[in-house]
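For reference, protein_8.txt is printed below; it contains compact mmCIF, C-alpha atoms.
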```txt
# COMPACT_ATOMS: atom_id res chain seq x y z
CA MET K 3 7.44 32.95 -13.88
CA SER K 4 9.08 31.68 -10.74
CA ARG K 5 8.63 28.21 -9.35
CA GLN K 6 7.74 28.07 -5.69
CA PRO K 7 6.22 24.68 -4.99
CA TYR K 8 4.18 24.57 -1.80
CA VAL K 9 4.83 21.63 0.50
CA ARG K 10 1.82 20.73 2.63
CA PRO K 11 2.91 19.90 6.16
CA MET K 12 2.22 16.41 7.50
CA SER K 13 2.03 15.93 11.23
CA THR K 14 4.36 13.20 12.44
CA THR K 15 2.16 12.62 15.49
CA THR K 16 -1.42 12.86 14.23
CA TRP K 17 -1.19 11.85 10.55
CA TYR K 18 -3.18 8.67 11.19
CA MET K 19 -6.27 10.73 12.04
CA ARG K 20 -6.57 11.65 8.35
CA ASN K 21 -8.80 8.72 7.41
CA GLY K 22 -10.36 5.51 8.66
CA ARG K 23 -7.87 3.34 6.78
CA TYR K 24 -4.95 4.87 8.68
CA LYS K 25 -6.79 4.56 12.00
CA VAL K 26 -7.33 0.84 11.47
CA TYR K 27 -3.63 0.50 10.60
CA VAL K 28 -2.58 2.30 13.78
CA LEU K 29 -4.94 0.12 15.85
CA ARG K 30 -3.23 -2.90 14.29
CA GLU K 31 0.21 -1.51 15.15
CA LEU K 32 -0.89 -0.66 18.69
CA SER K 33 -1.14 -4.36 19.39
CA SER K 34 2.65 -4.17 19.72
CA PHE K 35 2.00 -2.91 23.28
CA LEU K 36 0.20 -6.15 23.99
CA VAL K 37 3.07 -8.09 22.44
CA THR K 38 5.44 -6.24 24.78
CA PHE K 39 3.19 -7.08 27.74
CA TYR K 40 3.09 -10.78 26.83
CA SER K 41 6.86 -10.82 26.35
CA PHE K 42 7.30 -9.61 29.92
CA LEU K 43 4.65 -12.05 31.10
CA THR K 44 6.60 -14.91 29.49
CA ILE K 45 9.80 -13.69 31.10
CA SER K 46 8.12 -13.55 34.53
CA ALA K 47 6.72 -17.07 33.96
CA LEU K 48 10.21 -18.30 33.13
CA ALA K 49 11.59 -16.50 36.19
CA ALA K 50 8.98 -18.24 38.36
CA LEU K 51 10.01 -21.57 36.87
CA ALA K 52 13.72 -20.83 37.19
CA ALA K 53 13.26 -20.03 40.89
CA ASN K 54 12.72 -23.77 41.35
CA SER K 55 10.04 -23.06 43.92
CA PRO K 56 6.56 -24.60 43.52
CA ASP K 57 5.12 -21.74 45.59
CA LYS K 58 6.36 -19.10 43.17
CA TRP K 59 5.00 -21.02 40.19
CA ASP K 60 1.63 -21.53 41.90
CA ALA K 61 1.52 -17.83 42.76
CA PHE K 62 2.19 -16.98 39.13
CA LEU K 63 -0.60 -19.30 37.97
CA ALA K 64 -2.98 -17.88 40.56
CA SER K 65 -2.20 -14.33 39.44
CA GLN K 66 -3.19 -15.27 35.87
CA GLN K 67 -6.44 -16.85 37.01
CA ALA K 68 -7.68 -13.78 38.87
CA THR K 69 -10.89 -12.39 37.33
CA GLY K 70 -9.34 -9.13 36.20
CA MET K 71 -6.48 -10.93 34.48
CA MET K 72 -8.85 -13.40 32.78
CA VAL K 73 -10.91 -10.49 31.43
CA PHE K 74 -7.73 -8.81 30.24
CA HIS K 75 -6.54 -11.97 28.47
CA GLY K 76 -9.97 -12.36 26.86
CA LEU K 77 -9.96 -8.79 25.59
CA ALA K 78 -6.37 -9.14 24.37
CA LEU K 79 -7.36 -12.29 22.50
CA LEU K 80 -10.22 -10.45 20.79
CA TYR K 81 -7.90 -7.54 19.94
CA PHE K 82 -5.36 -9.87 18.36
CA LEU K 83 -8.09 -11.72 16.48
CA PHE K 84 -9.61 -8.60 14.96
CA PHE K 85 -6.46 -6.57 14.34
CA GLN K 86 -3.92 -9.31 13.59
CA THR K 87 -5.28 -12.77 12.82
CA PHE K 88 -8.26 -11.89 10.60
CA PRO K 89 -6.58 -9.11 8.59
CA TRP K 90 -3.28 -10.98 8.16
CA PHE K 91 -4.94 -14.20 7.07
CA LYS K 92 -6.99 -12.15 4.61
CA LEU K 93 -3.80 -10.59 3.26
CA ALA K 94 -1.83 -13.86 3.11
CA PRO K 95 -2.72 -14.64 -0.53
CA LYS K 96 -1.29 -11.26 -1.53
CA ALA K 97 2.09 -11.98 0.04
CA MET K 98 2.29 -15.55 -1.22
CA PRO K 99 0.25 -16.08 -4.36
CA VAL K 100 0.45 -19.60 -5.74
CA TYR K 101 0.43 -20.13 -9.48
CA MET K 102 -0.33 -23.42 -11.16
CA GLY K 103 0.74 -22.78 -14.70
CA GLU K 104 -1.05 -19.60 -15.72
CA LYS K 105 -3.86 -20.12 -13.21
CA LYS K 106 -3.65 -18.52 -9.80
CA LEU K 107 -4.77 -20.66 -6.92
CA PRO K 108 -7.96 -19.02 -5.54
CA ASP K 109 -7.26 -16.73 -2.58
CA SER K 110 -9.84 -18.57 -0.50
CA TYR K 111 -7.75 -21.77 -0.60
CA ILE K 112 -4.77 -19.99 0.95
CA ILE K 113 -6.93 -18.22 3.53
CA ILE K 114 -8.73 -21.44 4.52
CA GLY K 115 -5.34 -23.20 4.66
CA HIS K 116 -4.17 -20.63 7.21
CA TYR K 117 -7.26 -21.10 9.37
CA VAL K 118 -6.88 -24.88 9.25
CA ALA K 119 -3.20 -24.61 10.25
CA TRP K 120 -4.20 -22.21 13.04
CA VAL K 121 -6.79 -24.64 14.43
CA VAL K 122 -4.36 -27.59 14.20
CA VAL K 123 -1.58 -25.67 16.00
CA SER K 124 -4.03 -24.38 18.65
CA VAL K 125 -5.41 -27.86 19.31
CA PHE K 126 -1.86 -29.23 19.55
CA ILE K 127 -0.86 -26.55 22.07
CA LEU K 128 -4.02 -27.12 24.14
CA TRP K 129 -3.28 -30.87 24.08
CA LEU K 130 0.32 -30.22 25.08
CA ALA K 131 -0.90 -28.01 27.94
CA GLY K 132 -3.24 -30.75 29.11
CA VAL K 133 -6.37 -28.68 28.54
CA ILE K 134 -7.90 -31.23 26.14
CA MET Z 377 -27.07 7.43 -20.81
CA SER Z 378 -28.65 9.58 -18.19
CA THR Z 379 -29.09 13.26 -18.93
CA ARG Z 380 -30.40 14.11 -15.46
CA THR Z 381 -28.73 17.22 -14.19
CA ARG Z 382 -27.52 18.02 -10.74
CA THR Z 383 -25.81 21.02 -9.22
CA LEU Z 384 -22.49 20.29 -7.64
CA GLU Z 385 -20.58 22.52 -5.28
CA LEU Z 386 -16.92 22.06 -6.15
CA GLU Z 387 -14.41 23.24 -3.58
CA ILE Z 388 -11.14 23.39 -5.43
CA MET Z 389 -7.77 24.02 -3.85
CA ARG Z 390 -6.02 26.96 -5.45
CA TYR Z 391 -2.41 28.00 -5.23
CA ASP Z 392 -0.65 30.59 -7.32
CA PRO Z 393 3.06 30.57 -6.43
CA GLU Z 394 3.37 34.21 -7.49
CA LYS Z 395 0.52 35.48 -5.34
CA ASP Z 396 -0.30 33.04 -2.57
CA LYS Z 397 1.64 32.21 0.55
CA GLU Z 398 -0.35 29.02 1.00
CA PRO Z 399 -3.17 27.18 -0.76
CA TRP Z 400 -6.81 28.14 -0.28
CA PHE Z 401 -10.18 26.84 -1.43
CA GLN Z 402 -12.38 28.36 -4.09
CA THR Z 403 -15.96 27.17 -4.48
CA TYR Z 404 -17.62 26.80 -7.86
CA THR Z 405 -21.25 25.89 -8.51
CA VAL Z 406 -21.31 23.53 -11.44
CA PRO Z 407 -24.42 22.30 -13.29
CA CYS Z 408 -23.54 18.67 -13.96
CA ILE Z 409 -25.02 15.79 -15.85
CA GLU Z 410 -25.37 12.73 -13.61
CA ASP Z 411 -23.19 10.63 -15.91
CA TRP Z 412 -20.27 13.03 -15.75
CA VAL Z 413 -17.06 12.20 -14.02
CA ILE Z 414 -15.34 14.74 -11.77
CA LEU Z 415 -12.93 15.61 -14.57
CA ASP Z 416 -15.91 16.78 -16.68
CA ALA Z 417 -16.95 19.09 -13.87
CA ILE Z 418 -13.42 20.50 -13.58
CA ASN Z 419 -13.31 20.96 -17.35
CA TYR Z 420 -16.63 22.83 -17.08
CA VAL Z 421 -15.09 25.16 -14.52
CA LYS Z 422 -12.07 25.77 -16.77
CA GLU Z 423 -14.17 26.39 -19.89
CA ASN Z 424 -17.01 28.38 -18.38
CA LEU Z 425 -16.19 29.78 -14.97
CA ASP Z 426 -12.48 30.27 -14.43
CA THR Z 427 -9.85 29.95 -17.13
CA THR Z 428 -7.01 30.43 -14.64
CA LEU Z 429 -7.50 27.00 -13.04
CA ALA Z 430 -4.47 24.76 -13.61
CA TYR Z 431 -4.68 20.95 -13.64
CA ARG Z 432 -3.41 18.00 -15.64
CA TRP Z 433 -5.41 15.68 -17.81
CA SER Z 434 -5.17 14.08 -21.19
CA CYS Z 435 -6.97 10.89 -22.22
CA HIS Z 436 -10.17 10.93 -20.13
CA MET Z 437 -10.17 7.12 -20.25
CA MET Z 438 -7.96 5.81 -17.43
CA VAL Z 439 -4.93 5.33 -19.66
CA CYS Z 440 -2.66 8.37 -19.32
CA GLY Z 441 -2.68 8.57 -15.51
CA SER Z 442 -2.40 12.36 -15.42
CA CYS Z 443 -5.69 13.38 -13.78
CA GLY Z 444 -5.05 11.90 -10.33
CA MET Z 445 -6.31 14.22 -7.56
CA MET Z 446 -7.69 14.03 -4.05
CA VAL Z 447 -11.48 13.73 -4.30
CA ASN Z 448 -13.05 14.25 -0.88
CA GLY Z 449 -9.74 13.25 0.69
CA GLU Z 450 -9.21 10.08 -1.36
CA PRO Z 451 -6.63 9.81 -4.15
CA ALA Z 452 -8.48 9.01 -7.36
CA LEU Z 453 -8.40 9.34 -11.12
CA THR Z 454 -10.92 12.11 -11.75
CA CYS Z 455 -11.79 10.54 -15.11
CA LYS Z 456 -12.95 7.41 -13.27
CA THR Z 457 -14.81 9.07 -10.41
CA PHE Z 458 -18.49 9.42 -11.26
CA ILE Z 459 -20.49 12.31 -9.93
CA ARG Z 460 -23.47 10.05 -9.25
CA GLU Z 461 -21.37 8.31 -6.58
CA LEU Z 462 -20.54 11.55 -4.79
CA PRO Z 463 -22.40 13.93 -2.46
CA ASP Z 464 -23.49 17.39 -3.63
CA LYS Z 465 -20.39 18.99 -2.17
CA VAL Z 466 -17.05 17.73 -3.45
CA ARG Z 467 -13.61 18.87 -2.37
CA ILE Z 468 -10.83 18.60 -4.93
CA GLU Z 469 -7.20 18.90 -3.88
CA PRO Z 470 -3.89 18.13 -5.56
CA LEU Z 471 -2.47 14.68 -4.79
CA GLU Z 472 -1.29 14.47 -1.18
CA ASN Z 473 2.38 13.99 -0.33
CA PHE Z 474 3.57 15.98 -3.36
CA PRO Z 475 4.57 19.64 -3.49
CA ILE Z 476 2.00 21.81 -5.25
CA GLU Z 477 3.29 23.48 -8.39
CA ARG Z 478 0.09 25.43 -9.00
CA ASP Z 479 -3.58 24.78 -8.19
CA LEU Z 480 -4.11 21.05 -8.82
CA VAL Z 481 -0.75 20.44 -10.48
CA VAL Z 482 1.85 18.67 -8.35
CA VAL Z 483 5.63 18.27 -8.70
CA LEU Z 484 6.40 14.67 -9.62
CA ASP Z 485 10.18 14.94 -10.08
CA ASP Z 486 10.98 12.86 -7.00
CA VAL Z 487 8.88 9.90 -8.10
CA ILE Z 488 10.13 10.06 -11.67
CA GLN Z 489 13.69 9.79 -10.32
CA LYS Z 490 12.68 6.83 -8.18
CA LEU Z 491 11.12 5.08 -11.15
CA HIS Z 492 14.46 5.41 -12.96
CA LYS Z 493 16.38 4.25 -9.91
CA VAL Z 494 14.83 0.76 -9.84
CA GLN Z 495 16.08 0.06 -13.38
CA PRO Z 496 12.67 -0.72 -14.86
CA TYR Z 497 13.83 -2.51 -17.99
CA ILE Z 498 15.00 -5.98 -18.95
CA ILE Z 499 18.61 -6.51 -17.88
CA ARG Z 500 20.43 -9.45 -19.47
CA LYS Z 501 23.58 -11.20 -18.28
CA ASP Z 502 23.44 -13.88 -20.95
CA PRO Z 503 23.54 -12.84 -24.59
CA PRO Z 504 20.12 -12.11 -26.08
CA PRO Z 505 18.57 -14.70 -28.42
CA ALA Z 506 19.94 -14.88 -31.94
CA GLU Z 507 18.51 -12.42 -34.41
CA ASP Z 508 16.16 -14.94 -35.95
CA GLN Z 509 14.92 -16.09 -32.56
CA GLU Z 510 12.97 -14.49 -29.76
CA TYR Z 511 12.63 -14.64 -25.97
CA ILE Z 512 10.39 -17.48 -24.96
CA GLN Z 513 7.75 -16.67 -22.38
CA THR Z 514 4.88 -18.97 -21.55
CA ARG Z 515 1.47 -17.67 -20.55
CA GLY Z 516 2.13 -18.97 -17.06
CA GLN Z 517 5.37 -16.96 -16.85
CA LEU Z 518 3.50 -13.88 -18.01
CA ALA Z 519 0.65 -14.43 -15.55
CA ILE Z 520 2.85 -13.96 -12.48
CA PHE Z 521 3.64 -10.34 -13.31
CA LYS Z 522 1.03 -9.23 -15.85
CA GLN Z 523 -1.07 -7.30 -13.33
CA LEU Z 524 1.98 -5.26 -12.38
CA THR Z 525 2.32 -4.05 -15.97
CA MET Z 526 -1.03 -2.27 -15.69
CA CYS Z 527 0.43 0.67 -13.74
CA ILE Z 528 -0.16 4.00 -15.48
CA ASN Z 529 1.97 6.06 -13.06
CA CYS Z 530 -0.97 8.10 -11.84
CA MET Z 531 0.76 8.28 -8.43
CA CYS Z 532 -2.46 7.82 -6.48
CA CYS Z 533 -0.57 5.16 -4.50
CA TYR Z 534 2.05 7.69 -3.39
CA ALA Z 535 -0.70 10.08 -2.33
CA ALA Z 536 -2.26 7.31 -0.22
CA CYS Z 537 0.99 6.13 1.35
CA PRO Z 538 1.64 7.69 4.78
CA GLN Z 539 5.12 6.22 4.78
CA TYR Z 540 6.04 8.24 1.70
CA GLY Z 541 4.36 11.28 3.23
CA LEU Z 542 6.54 11.00 6.33
CA ASP Z 543 9.75 9.83 4.69
CA LYS Z 544 10.51 11.07 1.20
CA ASN Z 545 13.49 8.71 0.94
CA PHE Z 546 11.11 5.74 0.73
CA ILE Z 547 11.14 4.47 -2.84
CA GLY Z 548 7.40 4.00 -2.65
CA PRO Z 549 4.67 1.76 -4.04
CA ALA Z 550 4.64 2.30 -7.81
CA ALA Z 551 8.42 2.18 -8.25
CA LEU Z 552 8.75 -0.93 -6.08
CA ALA Z 553 5.88 -2.64 -7.92
CA LEU Z 554 7.60 -1.79 -11.19
CA ALA Z 555 10.86 -3.29 -9.95
CA HIS Z 556 8.97 -6.42 -8.93
CA ARG Z 557 7.42 -6.59 -12.39
CA TYR Z 558 10.92 -6.91 -13.91
CA ASN Z 559 12.22 -9.19 -11.17
CA ARG Z 560 9.38 -11.58 -11.95
CA ASP Z 561 9.90 -11.44 -15.71
CA ASN Z 562 11.66 -14.63 -16.87
CA ARG Z 563 13.49 -12.68 -19.59
CA ASP Z 564 15.12 -10.45 -17.00
CA GLN Z 565 18.39 -11.25 -15.21
CA GLY Z 566 18.78 -8.02 -13.27
CA LYS Z 567 17.32 -9.03 -9.91
CA SER Z 568 20.68 -8.88 -8.15
CA ASP Z 569 21.37 -5.46 -9.72
CA ARG Z 570 18.15 -4.13 -8.20
CA LEU Z 571 18.66 -5.83 -4.84
CA ASP Z 572 20.86 -3.10 -3.35
CA ILE Z 573 18.20 -0.48 -3.96
CA LEU Z 574 15.21 -2.63 -3.05
CA ALA Z 575 16.65 -4.30 0.06
CA ASP Z 576 18.04 -1.02 1.36
CA HIS Z 577 16.35 0.71 4.30
CA ASP Z 578 14.50 2.99 1.90
CA GLY Z 579 13.31 0.04 -0.16
CA VAL Z 580 10.80 -2.65 0.68
CA TRP Z 581 11.58 -2.72 4.41
CA ASP Z 582 10.42 0.87 4.80
CA CYS Z 583 6.90 -0.31 3.95
CA SER Z 584 4.84 -1.09 7.03
CA PHE Z 585 1.96 -2.55 4.99
CA VAL Z 586 -0.73 0.02 5.56
CA GLY Z 587 -2.12 -1.30 2.28
CA ALA Z 588 -3.67 2.02 1.25
CA CYS Z 589 -1.74 2.03 -2.05
CA SER Z 590 -3.53 -1.08 -3.26
CA GLU Z 591 -6.92 0.11 -2.10
CA VAL Z 592 -6.75 3.34 -4.09
CA CYS Z 593 -5.04 1.94 -7.20
CA PRO Z 594 -7.42 2.58 -10.11
CA LYS Z 595 -5.83 -0.19 -12.16
CA HIS Z 596 -5.79 -2.84 -9.38
CA VAL Z 597 -2.05 -3.23 -9.62
CA ASP Z 598 -1.78 -4.08 -5.92
CA PRO Z 599 1.64 -2.58 -5.11
CA ALA Z 600 1.29 -3.59 -1.43
CA ALA Z 601 1.19 -7.25 -2.45
CA ALA Z 602 4.21 -6.77 -4.72
CA ILE Z 603 6.19 -5.21 -1.86
CA GLN Z 604 5.33 -8.04 0.55
CA GLN Z 605 6.35 -10.59 -2.08
CA MET Z 606 9.64 -8.75 -2.47
CA LYS Z 607 10.19 -8.91 1.28
CA ILE Z 608 9.75 -12.69 1.12
CA ASP Z 609 12.07 -12.91 -1.91
CA GLY Z 610 14.66 -10.76 -0.10
CA ALA Z 611 14.47 -12.84 3.07
CA MET Z 612 14.78 -16.09 1.09
CA GLU Z 613 17.79 -14.69 -0.76
CA PHE Z 614 19.38 -13.69 2.58
CA TRP Z 615 18.99 -17.19 4.04
CA LYS Z 616 20.14 -18.84 0.84
CA GLN Z 617 23.33 -16.79 1.03
CA LYS Z 618 23.74 -17.61 4.74
CA MET Z 619 23.37 -21.31 4.04
CA GLY Z 620 25.60 -21.23 1.00
CA ILE Z 621 22.80 -22.19 -1.38
CA PRO Z 622 23.32 -20.58 -4.78
CA GLY Z 623 20.63 -17.96 -5.45
CA ASP Z 624 18.94 -17.04 -8.70
CA LYS Z 625 21.21 -16.84 -11.65
CA SER Z 626 20.06 -13.26 -12.07
```
Please render this file's structure as structure tokens.
Amino acid sequence: MSRQPYVRPMSTTTWYMRNGRYKVYVLRELSSFLVTFYSFLTISALAALAANSPDKWDAFLASQQATGMMVFHGLALLYFLFFQTFPWFKLAPKAMPVYMGEKKLPDSYIIIGHYVAWVVVSVFILWLAGVI
Amino acid sequence: MSTRTRTLELEIMRYDPEKDKEPWFQTYTVPCIEDWVILDAINYVKENLDTTLAYRWSCHMMVCGSCGMMVNGEPALTCKTFIRELPDKVRIEPLENFPIERDLVVVLDDVIQKLHKVQPYIIRKDPPPAEDQEYIQTRGQLAIFKQLTMCINCMCCYAACPQYGLDKNFIGPAALALAHRYNRDNRDQGKSDRLDILADHDGVWDCSFVGACSEVCPKHVDPAAAIQQMKIDGAMEFWKQKMGIPGDKS
């Protein structure tokens, strides 16, 4: 009897359509486009600052406060929350389990710790920015 | 125990390397008892409807790890998948991401090689304890890797992993979890021996944390967590070396 194993082809471009789990993963990874966008936005903000011209900086701020841009930032925030913050915080105890003797620290402690740190850092940044 | 019966339509992937160019589906109508698992239904087909069907199984109790198959597109141990949890039509395929040897039997050679590659055994640099003594391991030291010892090599994790599907060089979930099991064992001193394989491009860094391996694992081994922990260990080791801090003795 001859061996002739059959290799099922896997599409390199549409494999993530196979199940919901993969689709969620790809949606998470797609946020890299937003990261790219915000990288360029930061660079343009720095360029406006480096120009040493108050007009350029004001124009940059005004462009970010336009309605369309505010909606975009809001949607981007939601996207990051649902596809990055929530899932990653949920997974944090897997990546860094804490053992006290033979007892594992409950996952919820690590997750809550992340949310607390997130709130503290956010409040600090808002304070630094003069918002609060 | 319920004796309620139910008729199940089993669509089973068939492939005979001597006859078929590619796999195809054959449908069997199987009178099942509600408390059966899918493996019982496949056994019914083999015993009563079609003796030519090829598949692997042994213990029927989630120990041997040989009856892993795709059940309605999900990798699962067929001895653990109850019929009462499934619709009337069930599609059974061989584990994804592996070549099909025949019908539901897949070729596992690649993964077996990878399991060997990570040196899954205790490596000692220091001499072992004297003959009248033994290795000391506290319950706390055991707790940090015990779950990883539960793997039965059913390879459901490999079938769920798109990274392995796309790149066969990736060492993959079960082998990496097994390496982590030994790296975390206080009796082992072989962490640095495994580092070259694990920190290589085909090792832990090839994992993009889809997390599917852990979700399908019938023994809750959580290979995805093990791989992320190894990434942290690897990064720590890298910075320790950069800063001239001596790493683990192992």
Open item on the list: With all atoms listed in the file considered, list every residue of chain K at most 12 Å from chain Z, as a ChimeraX atom specification.
Closed with: /K:3-31,89-90,92-107
Open item on the list: As an exercise, work out the distance from CA of His75 in chain K to CA of Tyr40 in chain K in Å and give it to one decimal place.
Closed with: 9.8 Å
- [ ] Grab the CA of Glu461 in chain Z to CA of Tyr404 in chain Z distance for me, in Å with one decimal place.
- [x]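 For CA of Glu461 in chain Z relative to CA of Tyr404 in chain Z, the distance reads 18.9 Å.
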- [ ] Fewer than 5 positions away in the same chain doesn't count, so skip those; otherwise give me all residues within 10 Å of Gln513 in chain Z, counting all atoms listed in the file, as an MDAnalysis selection string.
- [x] chainID Z and resid 518 561:563
TODO: Choose the residue, out of Z:Leu491, Z:Val439, Z:Val406, Z:Trp581, that has the smallest atom-to-atom separation from Asn424 in chain Z; count only C-alpha atoms.
DONE: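 Smallest separation from Asn424 in chain Z among the options: Z:Val406.
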Task: Best match for closeness to Lys567 in chain Z among Z:Gln617, Z:Gln495, Z:Thr381, Z:Ser590, counting all atoms listed in the file - done: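 Checking each of Z:Gln617, Z:Gln495, Z:Thr381, Z:Ser590 against Lys567 in chain Z, counting all atoms listed in the file, the winner is Z:Gln495.
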Task: Coordinates-based distance that separates CA of Thr405 in chain Z from CA of Gly441 in chain Z (Å, one decimal) - done: 26.3 Å
